[in-house]
Amino acid sequence: MSGRLARTLCTAALAAALVAASPAPAEPAGSDPVPAPGPAPQGVAGLLKQLQTLYQQAEEAGELYNGTEEELKKRTAEARRLSTEVARARTALESGRREAGRLARDQYQGSNDFSAYLRLLLADDPSRALEQSHVIERAQAGRAAVIERLTGAEKHAETLAARSRAVRERQRVLTERRKEQRDAVRSRLKGIEAMLASLSDEQLAALSALERKNVGEAQDALAASGALSSARAPSEEGEEAVAYAVEQIGKPYVWGAEGPESYDCSGLTSQAWSAAGRDIPRTSQEQWRRLPRVPMDSLRPGDLVVYFPKATHVALYIGDGLVVQAPRPGATVKISPLASNPLLGAVRPDPESEPLSTYTLPDLPEDAASGADDGYDAPEV
């Protein structure tokens, strides 16, 4: 790919991401403002490091946004459920109040327990009086039950109303946070776009060549360590997840996207496993935190490979030292070497599932590996 074409693709994809993003990620509330990119350092290695740092910061902000968006969806569903429960509680409360009103009217009109007691005292027939005493006891019990139901309905309605208010407040906070995170991601992407626009075709070509060289060396070192010696077959679900991910090759990276037309990194992995019938966390951080870890030398296709110290990038392993990933803004879903980014570790969504007896790597499009693999360096702190 020529330097001019690389710059055109990156700029177009970034512009599409900026336009397509409705709610988008940004820095969490109270965080420092996003710094404008400084002057590009001298040398290709310095340029690559600065550009990769910007990309990683953008992806980290995007994953923060994804987490907020996921929590907001849950709180919205909870708010709808509570709204229904509150309506039911208010109906029950109104019914209880009507029944209590009937009891009050009965007492006012004399058809109450006191008149029953008077009839009992004035009765000539003792057996008749005994029967009436049972009637009085039942009336008293019924009245107590009405009062108890009314009291319980009032407490239940108050509790639900308080929970509903708390959920609505949480929705408000999350909505504000989502906007801040959206603004942060847009700022990061604009910084990347500005830096790309400042580079010459020769600089872009040199960056691409150095990036490929760094990824190749990292992959060779990983193979030499024995980490790629595993030839395990996937589970049936893992094979389905791999097949889904491979079918998405060529679709654009858009932060916050979960398909079917575009994906971000964790959007691709979560949807691949959803297609296989298993729901996993939405973000790369939650996938790393909540799914069982597996050693790198025990990888099997379908496992998720997580990158960077903060678990801000994830890809899906397909075997033979390769992953499917949605790399970064300006790129498309593609096949990459396992070592295309600094490794953090791997997790397995289906540790209890038995592997298949055989496995063949899916047929891949001819251009499945075209485009940059990223190979970011971790930013200095």
# chains A, B, ... in the order shown; residues from 1 in each chain; ligands from 1

$ select_by_dssp --residues "range 239-367 of chain A" --states "strand (DSSP E)" --output "ChimeraX atom specification"
/A:293-294,304-307,313-319,322-325,334-337,343-347

$ residues_around --residues "Glu247 in chain A" --least-positions-apart "2" --cutoff "12 Å" --atoms "only C-alpha atoms" --output "PDB file with N, CA and C atoms, in the first residue's frame"
ATOM      1  N   GLU A 240     -17.212 -22.061  15.830  1.00  0.00           N
ATOM      2  CA  GLU A 240     -18.253 -21.168  15.313  1.00  0.00           C
ATOM      3  C   GLU A 240     -17.848 -19.711  15.495  1.00  0.00           C
ATOM      4  N   ALA A 241     -17.218 -19.393  16.627  1.00  0.00           N
ATOM      5  CA  ALA A 241     -16.765 -18.019  16.860  1.00  0.00           C
ATOM      6  C   ALA A 241     -15.696 -17.627  15.842  1.00  0.00           C
ATOM      7  N   VAL A 242     -14.771 -18.555  15.565  1.00  0.00           N
ATOM      8  CA  VAL A 242     -13.736 -18.292  14.565  1.00  0.00           C
ATOM      9  C   VAL A 242     -14.371 -18.047  13.193  1.00  0.00           C
ATOM     10  N   ALA A 243     -15.320 -18.904  12.830  1.00  0.00           N
ATOM     11  CA  ALA A 243     -15.963 -18.764  11.519  1.00  0.00           C
ATOM     12  C   ALA A 243     -16.653 -17.405  11.394  1.00  0.00           C
ATOM     13  N   TYR A 244     -17.329 -16.986  12.444  1.00  0.00           N
ATOM     14  CA  TYR A 244     -18.004 -15.678  12.413  1.00  0.00           C
ATOM     15  C   TYR A 244     -16.985 -14.563  12.238  1.00  0.00           C
ATOM     16  N   ALA A 245     -15.909 -14.603  13.028  1.00  0.00           N
ATOM     17  CA  ALA A 245     -14.913 -13.529  12.968  1.00  0.00           C
ATOM     18  C   ALA A 245     -14.268 -13.458  11.589  1.00  0.00           C
ATOM     19  N   ILE A 249     -13.965 -10.210   7.982  1.00  0.00           N
ATOM     20  CA  ILE A 249     -12.735  -9.630   7.434  1.00  0.00           C
ATOM     21  C   ILE A 249     -13.076  -8.621   6.339  1.00  0.00           C
ATOM     22  N   GLY A 250     -12.423  -7.482   6.407  1.00  0.00           N
ATOM     23  CA  GLY A 250     -12.649  -6.422   5.427  1.00  0.00           C
ATOM     24  C   GLY A 250     -13.602  -5.339   5.890  1.00  0.00           C
ATOM     25  N   LYS A 251     -14.356  -5.591   6.964  1.00  0.00           N
ATOM     26  CA  LYS A 251     -15.284  -4.573   7.457  1.00  0.00           C
ATOM     27  C   LYS A 251     -14.517  -3.535   8.289  1.00  0.00           C
ATOM     28  N   GLY A 259     -21.124  -4.310  15.028  1.00  0.00           N
ATOM     29  CA  GLY A 259     -21.590  -4.997  13.845  1.00  0.00           C
ATOM     30  C   GLY A 259     -23.027  -4.642  13.517  1.00  0.00           C
ATOM     31  N   PRO A 260     -23.548  -5.204  12.435  1.00  0.00           N
ATOM     32  CA  PRO A 260     -22.846  -6.146  11.563  1.00  0.00           C
ATOM     33  C   PRO A 260     -22.010  -5.493  10.474  1.00  0.00           C
ATOM     34  N   GLU A 261     -22.078  -4.162  10.334  1.00  0.00           N
ATOM     35  CA  GLU A 261     -21.361  -3.505   9.241  1.00  0.00           C
ATOM     36  C   GLU A 261     -19.966  -3.033   9.646  1.00  0.00           C
ATOM     37  N   LEU A 268     -16.043  -6.960  17.978  1.00  0.00           N
ATOM     38  CA  LEU A 268     -15.849  -8.139  17.130  1.00  0.00           C
ATOM     39  C   LEU A 268     -15.797  -9.417  17.964  1.00  0.00           C
ATOM     40  N   GLN A 271     -19.246 -10.257  19.678  1.00  0.00           N
ATOM     41  CA  GLN A 271     -20.260 -10.695  18.723  1.00  0.00           C
ATOM     42  C   GLN A 271     -19.917 -12.064  18.128  1.00  0.00           C
ATOM     43  N   ALA A 272     -18.632 -12.356  17.971  1.00  0.00           N
ATOM     44  CA  ALA A 272     -18.242 -13.676  17.470  1.00  0.00           C
ATOM     45  C   ALA A 272     -18.700 -14.765  18.430  1.00  0.00           C
ATOM     46  N   ALA A 275     -22.506 -15.094  18.448  1.00  0.00           N
ATOM     47  CA  ALA A 275     -22.963 -15.892  17.304  1.00  0.00           C
ATOM     48  C   ALA A 275     -22.789 -17.381  17.563  1.00  0.00           C
ATOM     49  N   VAL A 324      -7.713 -12.933  14.445  1.00  0.00           N
ATOM     50  CA  VAL A 324      -8.572 -11.993  13.727  1.00  0.00           C
ATOM     51  C   VAL A 324      -8.781 -10.815  14.659  1.00  0.00           C
ATOM     52  N   GLN A 325      -8.636  -9.615  14.123  1.00  0.00           N
ATOM     53  CA  GLN A 325      -8.811  -8.440  14.972  1.00  0.00           C
ATOM     54  C   GLN A 325      -9.384  -7.276  14.171  1.00  0.00           C
ATOM     55  N   VAL A 333     -11.175  -5.078   9.655  1.00  0.00           N
ATOM     56  CA  VAL A 333     -10.997  -6.382  10.299  1.00  0.00           C
ATOM     57  C   VAL A 333     -10.065  -7.218   9.444  1.00  0.00           C
ATOM     58  N   LYS A 334      -9.072  -7.839  10.069  1.00  0.00           N
ATOM     59  CA  LYS A 334      -8.036  -8.521   9.303  1.00  0.00           C
ATOM     60  C   LYS A 334      -7.399  -9.642  10.107  1.00  0.00           C
ATOM     61  N   ILE A 335      -6.581 -10.419   9.407  1.00  0.00           N
ATOM     62  CA  ILE A 335      -5.746 -11.435  10.047  1.00  0.00           C
ATOM     63  C   ILE A 335      -4.401 -10.813  10.383  1.00  0.00           C
ATOM     64  N   PRO A 362      -9.967 -21.974   8.753  1.00  0.00           N
ATOM     65  CA  PRO A 362     -10.902 -21.591   7.692  1.00  0.00           C
ATOM     66  C   PRO A 362     -10.181 -20.995   6.484  1.00  0.00           C
ATOM     67  N   ASP A 363     -10.804 -21.123   5.309  1.00  0.00           N
ATOM     68  CA  ASP A 363     -10.270 -20.464   4.120  1.00  0.00           C
ATOM     69  C   ASP A 363     -10.303 -18.959   4.338  1.00  0.00           C
ATOM     70  N   LEU A 364      -9.200 -18.302   4.037  1.00  0.00           N
ATOM     71  CA  LEU A 364      -9.092 -16.867   4.276  1.00  0.00           C
ATOM     72  C   LEU A 364      -9.067 -16.118   2.950  1.00  0.00           C
ATOM     73  N   PRO A 365      -9.682 -14.947   2.891  1.00  0.00           N
ATOM     74  CA  PRO A 365      -9.590 -14.130   1.677  1.00  0.00           C
ATOM     75  C   PRO A 365      -8.136 -13.814   1.343  1.00  0.00           C
ATOM     76  N   ALA A 368      -6.706 -11.005   3.319  1.00  0.00           N
ATOM     77  CA  ALA A 368      -7.090 -11.050   4.738  1.00  0.00           C
ATOM     78  C   ALA A 368      -6.057 -10.422   5.660  1.00  0.00           C
TER      79      ALA A 368
END

$ atom_distance --atom1 "CA of Ala233 in chain A" --atom2 "CA of Arg300 in chain A"
5.9 Å

$ atom_distance --atom1 "CA of Ala227 in chain A" --atom2 "CA of Ala315 in chain A"
16.5 Å

$ atom_distance --atom1 "CA of Glu354 in chain A" --atom2 "CA of Glu236 in chain A"
8.0 Å

$ residues_around --residues "Thr283 in chain A" --least-positions-apart "2" --cutoff "9 Å" --atoms "only C-alpha atoms" --output "compact mmCIF listing (two decimals) with all heavy atoms, in the first residue's frame"
# COMPACT_ATOMS: atom_id res chain seq x y z
N GLU A 63 -12.73 2.09 24.80
CA GLU A 63 -13.17 1.01 25.66
C GLU A 63 -13.84 1.54 26.93
O GLU A 63 -14.77 0.93 27.46
CB GLU A 63 -11.99 0.09 26.02
CG GLU A 63 -11.53 -0.78 24.86
CD GLU A 63 -12.62 -1.74 24.40
OE1 GLU A 63 -12.80 -2.79 25.01
OE2 GLU A 63 -13.29 -1.41 23.39
N LEU A 64 -13.37 2.69 27.42
CA LEU A 64 -14.07 3.33 28.54
C LEU A 64 -15.50 3.69 28.14
O LEU A 64 -16.45 3.49 28.90
CB LEU A 64 -13.32 4.59 28.98
CG LEU A 64 -12.02 4.39 29.78
CD1 LEU A 64 -11.33 5.74 29.98
CD2 LEU A 64 -12.30 3.73 31.12
N ASN A 66 -17.26 2.22 25.79
CA ASN A 66 -18.02 0.98 25.65
C ASN A 66 -18.53 0.49 26.99
O ASN A 66 -19.67 0.02 27.10
CB ASN A 66 -17.15 -0.10 25.01
CG ASN A 66 -16.89 0.16 23.53
OD1 ASN A 66 -17.62 0.89 22.88
ND2 ASN A 66 -15.81 -0.41 23.01
N GLY A 67 -17.68 0.58 28.02
CA GLY A 67 -18.11 0.14 29.34
C GLY A 67 -19.25 0.99 29.88
O GLY A 67 -20.20 0.47 30.47
N GLU A 70 -22.43 0.13 27.99
CA GLU A 70 -22.99 -1.15 28.42
C GLU A 70 -23.73 -1.00 29.74
O GLU A 70 -24.83 -1.53 29.92
CB GLU A 70 -21.87 -2.19 28.56
CG GLU A 70 -22.34 -3.62 28.67
CD GLU A 70 -22.95 -4.15 27.38
OE1 GLU A 70 -22.87 -3.48 26.34
OE2 GLU A 70 -23.52 -5.25 27.43
N CYS A 265 -12.60 -3.44 18.50
CA CYS A 265 -11.93 -4.71 18.81
C CYS A 265 -12.79 -5.64 19.66
O CYS A 265 -12.98 -6.82 19.31
CB CYS A 265 -10.59 -4.45 19.49
SG CYS A 265 -10.68 -3.70 21.14
N SER A 266 -13.34 -5.12 20.75
CA SER A 266 -14.15 -5.98 21.62
C SER A 266 -15.55 -6.21 21.08
O SER A 266 -16.21 -7.18 21.44
CB SER A 266 -14.22 -5.39 23.03
OG SER A 266 -14.73 -4.07 23.00
N GLY A 267 -16.00 -5.29 20.21
CA GLY A 267 -17.27 -5.53 19.53
C GLY A 267 -17.19 -6.78 18.66
O GLY A 267 -18.12 -7.58 18.61
N SER A 270 -16.85 -10.03 21.09
CA SER A 270 -18.09 -10.33 21.82
C SER A 270 -19.17 -10.83 20.87
O SER A 270 -19.93 -11.76 21.21
CB SER A 270 -18.58 -9.11 22.60
OG SER A 270 -18.86 -8.02 21.74
N PRO A 281 -18.57 -10.67 28.20
CA PRO A 281 -18.57 -9.22 28.44
C PRO A 281 -18.28 -8.43 27.16
O PRO A 281 -17.62 -8.91 26.25
CB PRO A 281 -17.46 -9.04 29.47
CG PRO A 281 -17.39 -10.36 30.18
CD PRO A 281 -17.68 -11.38 29.13
N GLN A 285 -11.52 -4.95 28.71
CA GLN A 285 -11.15 -5.02 30.13
C GLN A 285 -11.99 -6.04 30.87
O GLN A 285 -11.47 -6.80 31.71
CB GLN A 285 -11.31 -3.64 30.78
CG GLN A 285 -10.30 -2.61 30.31
CD GLN A 285 -10.89 -1.72 29.23
OE1 GLN A 285 -11.78 -2.14 28.50
NE2 GLN A 285 -10.37 -0.51 29.12
N GLU A 286 -13.30 -6.05 30.62
CA GLU A 286 -14.16 -7.01 31.30
C GLU A 286 -13.93 -8.42 30.80
O GLU A 286 -14.04 -9.39 31.57
CB GLU A 286 -15.63 -6.60 31.11
CG GLU A 286 -16.05 -5.40 31.94
CD GLU A 286 -15.90 -5.67 33.43
OE1 GLU A 286 -16.65 -6.49 33.98
OE2 GLU A 286 -15.00 -5.05 34.05
N GLN A 287 -13.61 -8.59 29.53
CA GLN A 287 -13.28 -9.93 29.03
C GLN A 287 -12.03 -10.45 29.75
O GLN A 287 -11.98 -11.62 30.15
CB GLN A 287 -13.06 -9.86 27.52
CG GLN A 287 -14.34 -9.62 26.74
CD GLN A 287 -14.10 -9.33 25.26
OE1 GLN A 287 -12.98 -9.39 24.77
NE2 GLN A 287 -15.17 -8.99 24.54
N TRP A 288 -11.06 -9.59 29.93
CA TRP A 288 -9.84 -9.99 30.63
C TRP A 288 -10.11 -10.26 32.11
O TRP A 288 -9.57 -11.19 32.69
CB TRP A 288 -8.79 -8.89 30.47
CG TRP A 288 -7.54 -9.08 31.27
CD1 TRP A 288 -7.10 -8.33 32.31
CD2 TRP A 288 -6.54 -10.10 31.07
NE1 TRP A 288 -5.91 -8.81 32.79
CE2 TRP A 288 -5.54 -9.89 32.04
CE3 TRP A 288 -6.40 -11.16 30.18
CZ2 TRP A 288 -4.41 -10.70 32.14
CZ3 TRP A 288 -5.27 -11.97 30.28
CH2 TRP A 288 -4.30 -11.74 31.25
N THR A 312 -6.58 -2.95 26.89
CA THR A 312 -7.39 -2.06 26.05
C THR A 312 -7.55 -2.56 24.62
O THR A 312 -8.18 -1.87 23.81
CB THR A 312 -6.78 -0.65 26.03
OG1 THR A 312 -5.38 -0.75 25.69
CG2 THR A 312 -6.93 0.02 27.38
N HIS A 313 -7.03 -3.73 24.30
CA HIS A 313 -7.22 -4.27 22.95
C HIS A 313 -7.36 -5.78 23.05
O HIS A 313 -6.78 -6.42 23.93
CB HIS A 313 -6.03 -3.91 22.05
CG HIS A 313 -6.25 -4.29 20.61
ND1 HIS A 313 -7.16 -3.64 19.80
CD2 HIS A 313 -5.68 -5.26 19.84
CE1 HIS A 313 -7.14 -4.19 18.59
NE2 HIS A 313 -6.26 -5.17 18.59
N VAL A 314 -8.15 -6.36 22.15
CA VAL A 314 -8.39 -7.80 22.19
C VAL A 314 -8.56 -8.31 20.76
O VAL A 314 -9.04 -7.59 19.88
CB VAL A 314 -9.64 -8.12 23.06
CG1 VAL A 314 -10.90 -7.53 22.44
CG2 VAL A 314 -9.79 -9.62 23.28
